[in-house]
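Colleague: Take this structure first; my questions come after.
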Amino acid sequence: MLPPFSTVPLALLLAGALPGERTLPIQYTVTNVGGGLGVFVDEKVIFGIASRGPAGPRWIAERVRHDRHWCGKQGTDGKCIATETRVHDWLDGATCTAVAPAFAALWAIPPAGFAPARDFVIVSDSSTVTIKGSTTQAGFFTDISVSQEAGDFATWWHNSSNSWKSCWQQAAPLVEGQALTPHLSLPAAPAS
């Protein structure tokens, strides 16, 4: 089994851009890792603004995602067949109108506060969503990372990613006539 994308060293995931190549300036990183009951997801998505125009910023995302499902499809005999899928794809806010409103919704989420101490452990078979970016709460360019299995940020991710599910594309978007150079790549599949 491969390590989750979230634990692979960033240097291995980032493809170094050569002079003259166009890369996406990363504003946010979202990881979605975990699951249970025979379903597992390991997803990493980076978001950035490729350009700004009269209609607002053009958000672009690059994603690597690995899904395993104990019953991803059924055979002719009706029995479950395990499936495993891996994708490396792109999202372009110029062609997917659901992207910009999603970021307006993210910015509207009030800051998270700490809960009182508890003496019990909560077990969940939900994935853990981690959003990394900058906050203005403690001043500009202050990095923040929020991880949740449930809550406002996890709900934002699940709702937003569902709203643009049909917008993912295989080809890197063009910015000023040049395809973006990938930052991410899928780890090699394990040998059978």
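Each chain of the structure tokens is named A, B, ... in the order shown, its residues numbered from 1; ligands are numbered from 1 in display order.
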Please provide as a ChimeraX atom specification all residues within 8 Å of Cys167 in chain A, with the sequence filter that same-chain residues fewer than 3 positions apart are discarded (counting only C-alpha atoms).
Modeller: /A:91-92,95-96,164
Colleague: Could you save those same residues with C-alpha atoms as an mmCIF file, in the first residue's frame?
Modeller:
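Written output follows (part38.cif):
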```cif
data_model
loop_
_atom_site.group_PDB
_atom_site.id
_atom_site.type_symbol
_atom_site.label_atom_id
_atom_site.label_comp_id
_atom_site.auth_asym_id
_atom_site.auth_seq_id
_atom_site.Cartn_x
_atom_site.Cartn_y
_atom_site.Cartn_z
ATOM 1 C CA LEU A 91 -10.497 22.386 -12.419
ATOM 2 C CA ASP A 92 -10.823 25.734 -14.197
ATOM 3 C CA THR A 95 -15.447 27.120 -17.306
ATOM 4 C CA CYS A 96 -16.909 26.050 -13.939
ATOM 5 C CA TRP A 164 -18.028 21.078 -9.240
#
```
Colleague: Quick check for you: according to DSSP on this backbone, which residues of chain A are classed as strand (DSSP E)? Reply as a VMD selection string.
Modeller: chain A and resid 22 to 23 28 to 36 39 to 53 56 to 74 80 to 92 127 to 135 142 to 148 174 to 175 178 to 181
Colleague: Counting only C-alpha atoms, what is within 12 Å of Glu176 in chain A, bar same-chain residues fewer than 2 positions away, as JSON, numbers by chain?
Modeller: {"A": [21, 22, 23, 50, 51, 173, 174, 178, 179, 180]}
Colleague: Limited to C-alpha atoms, could you put the picked residues into a file as a PDB file, in the first residue's frame?
Modeller:
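Written file, selection_36.pdb:
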```pdb
ATOM      1  CA  GLU A  21       7.048  27.195 -17.750  1.00  0.00           C
ATOM      2  CA  ARG A  22       3.840  28.535 -16.242  1.00  0.00           C
ATOM      3  CA  THR A  23       2.909  27.237 -12.782  1.00  0.00           C
ATOM      4  CA  ALA A  50      -4.294  32.229 -12.514  1.00  0.00           C
ATOM      5  CA  SER A  51      -5.465  35.716 -13.430  1.00  0.00           C
ATOM      6  CA  PRO A 173      -5.833  24.707 -18.310  1.00  0.00           C
ATOM      7  CA  LEU A 174      -4.284  27.253 -20.623  1.00  0.00           C
ATOM      8  CA  GLN A 178       0.319  28.214 -22.221  1.00  0.00           C
ATOM      9  CA  ALA A 179      -0.652  25.019 -20.375  1.00  0.00           C
ATOM     10  CA  LEU A 180       0.078  25.047 -16.658  1.00  0.00           C
TER      11      LEU A 180
END
```
Colleague: One decimal, Å: what's the distance from CA of Phe114 in chain A over to CA of Thr155 in chain A, could you say?
Modeller: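 That distance, rounded to one decimal, is 18.1 Å.
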Colleague: Restrict the calculation to only C-alpha atoms, then for each residue of range 95-160 of chain A with any atom at most 10 Å from an atom of range 39-47 of chain A give the closest atom pair and their distance in Å to one decimal, rows by chain and rising residue number, as JSON lines.
Modeller:
```
{"residue": "A:Asp125", "atom": "CA", "partner": "A:Val39", "partner_atom": "CA", "distance": 9.0}
{"residue": "A:Ser126", "atom": "CA", "partner": "A:Phe40", "partner_atom": "CA", "distance": 9.2}
{"residue": "A:Ser127", "atom": "CA", "partner": "A:Val41", "partner_atom": "CA", "distance": 7.3}
{"residue": "A:Thr128", "atom": "CA", "partner": "A:Val41", "partner_atom": "CA", "distance": 9.7}
{"residue": "A:Val129", "atom": "CA", "partner": "A:Glu43", "partner_atom": "CA", "distance": 9.3}
{"residue": "A:Thr130", "atom": "CA", "partner": "A:Lys44", "partner_atom": "CA", "distance": 9.5}
{"residue": "A:Ile131", "atom": "CA", "partner": "A:Val45", "partner_atom": "CA", "distance": 9.6}
{"residue": "A:Lys132", "atom": "CA", "partner": "A:Ile46", "partner_atom": "CA", "distance": 9.5}
{"residue": "A:Gly133", "atom": "CA", "partner": "A:Phe47", "partner_atom": "CA", "distance": 9.8}
```
Colleague: Restricting it to N, CA and C atoms, dump the selection as a short mmCIF file (atom, residue, chain, number, x, y, z; two decimals), in the first residue's frame.
Modeller:
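The resulting file, part_24.cif, is reproduced below:
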```cif
data_model
loop_
_atom_site.label_atom_id
_atom_site.label_comp_id
_atom_site.auth_asym_id
_atom_site.auth_seq_id
_atom_site.Cartn_x
_atom_site.Cartn_y
_atom_site.Cartn_z
N ASP A 125 -15.81 7.11 10.99
CA ASP A 125 -15.34 6.53 9.74
C ASP A 125 -15.46 7.55 8.60
N SER A 126 -15.51 8.82 8.97
CA SER A 126 -15.50 9.89 7.98
C SER A 126 -14.05 10.23 7.63
N SER A 127 -13.87 10.81 6.47
CA SER A 127 -12.53 11.26 6.11
C SER A 127 -12.22 12.56 6.85
N THR A 128 -10.95 12.86 6.97
CA THR A 128 -10.51 14.10 7.60
C THR A 128 -10.15 15.10 6.52
N VAL A 129 -10.80 16.24 6.54
CA VAL A 129 -10.54 17.32 5.58
C VAL A 129 -9.63 18.32 6.26
N THR A 130 -8.52 18.64 5.61
CA THR A 130 -7.59 19.64 6.11
C THR A 130 -7.47 20.74 5.07
N ILE A 131 -7.69 21.97 5.49
CA ILE A 131 -7.58 23.12 4.60
C ILE A 131 -6.43 23.98 5.11
N LYS A 132 -5.48 24.28 4.22
CA LYS A 132 -4.33 25.11 4.58
C LYS A 132 -4.36 26.36 3.70
N GLY A 133 -4.15 27.49 4.32
CA GLY A 133 -4.11 28.76 3.60
C GLY A 133 -3.63 29.84 4.53
#
```
Colleague: Tell me which of A:Arg52, A:His88, A:Lys79, A:Arg58 sits closest to Leu184 in chain A, counting only C-alpha atoms.
Modeller: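 Ranked by minimum distance to Leu184 in chain A, first place goes to A:His88.
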Colleague: How far is it from CA of Ala100 in chain A to CA of Asp152 in chain A, in Å with one decimal?
Modeller: 18.0 Å
Colleague: Just how far from CA of Asp67 in chain A is CA of Gln169 in chain A, in Å to one decimal?
Modeller: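 Spanning CA of Gln169 in chain A to CA of Asp67 in chain A is a straight-line distance of 17.4 Å.
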Colleague: Please identify which residues in chain A DSSP calls helix (DSSP H, G or I) from the backbone, and express them as a PyMOL selection string.
Modeller: chain A and resi 5-7+10-13+99-108+152-163+165-167
Colleague: Go ahead and dump the residues you just picked, C-alpha atoms, as a PDB file, in the first residue's frame.
Modeller:
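Now in again.pdb:
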```pdb
ATOM      1  CA  PHE A   5      -0.591  11.840  -0.421  1.00  0.00           C
ATOM      2  CA  SER A   6      -0.683  13.904   2.742  1.00  0.00           C
ATOM      3  CA  THR A   7       2.352  12.043   4.123  1.00  0.00           C
ATOM      4  CA  LEU A  10       6.097  17.761  -0.567  1.00  0.00           C
ATOM      5  CA  ALA A  11       9.331  17.738  -2.569  1.00  0.00           C
ATOM      6  CA  LEU A  12       8.259  14.447  -4.158  1.00  0.00           C
ATOM      7  CA  LEU A  13       4.864  15.827  -5.130  1.00  0.00           C
ATOM      8  CA  VAL A  99     -15.715  27.574  -8.090  1.00  0.00           C
ATOM      9  CA  ALA A 100     -15.734  31.315  -7.281  1.00  0.00           C
ATOM     10  CA  PRO A 101     -18.868  31.159  -5.051  1.00  0.00           C
ATOM     11  CA  ALA A 102     -17.264  28.291  -3.127  1.00  0.00           C
ATOM     12  CA  PHE A 103     -14.403  30.544  -2.080  1.00  0.00           C
ATOM     13  CA  ALA A 104     -16.786  33.318  -1.080  1.00  0.00           C
ATOM     14  CA  ALA A 105     -18.488  30.715   1.149  1.00  0.00           C
ATOM     15  CA  LEU A 106     -15.125  29.611   2.616  1.00  0.00           C
ATOM     16  CA  TRP A 107     -14.225  33.187   3.513  1.00  0.00           C
ATOM     17  CA  ALA A 108     -17.615  33.623   5.247  1.00  0.00           C
ATOM     18  CA  ASP A 152     -18.155  24.017   9.003  1.00  0.00           C
ATOM     19  CA  PHE A 153     -14.897  23.525   7.072  1.00  0.00           C
ATOM     20  CA  ALA A 154     -15.487  19.828   6.313  1.00  0.00           C
ATOM     21  CA  THR A 155     -19.054  20.637   5.241  1.00  0.00           C
ATOM     22  CA  TRP A 156     -17.745  23.456   3.028  1.00  0.00           C
ATOM     23  CA  TRP A 157     -15.364  21.038   1.296  1.00  0.00           C
ATOM     24  CA  HIS A 158     -17.943  18.291   0.756  1.00  0.00           C
ATOM     25  CA  ASN A 159     -20.589  20.718  -0.545  1.00  0.00           C
ATOM     26  CA  SER A 160     -18.147  22.624  -2.764  1.00  0.00           C
ATOM     27  CA  SER A 161     -16.450  19.569  -4.235  1.00  0.00           C
ATOM     28  CA  ASN A 162     -19.857  18.050  -5.015  1.00  0.00           C
ATOM     29  CA  SER A 163     -20.937  21.265  -6.781  1.00  0.00           C
ATOM     30  CA  LYS A 165     -17.789  17.278  -9.547  1.00  0.00           C
ATOM     31  CA  SER A 166     -18.567  17.349 -13.288  1.00  0.00           C
ATOM     32  CA  CYS A 167     -16.064  20.171 -13.982  1.00  0.00           C
TER      33      CYS A 167
END
```
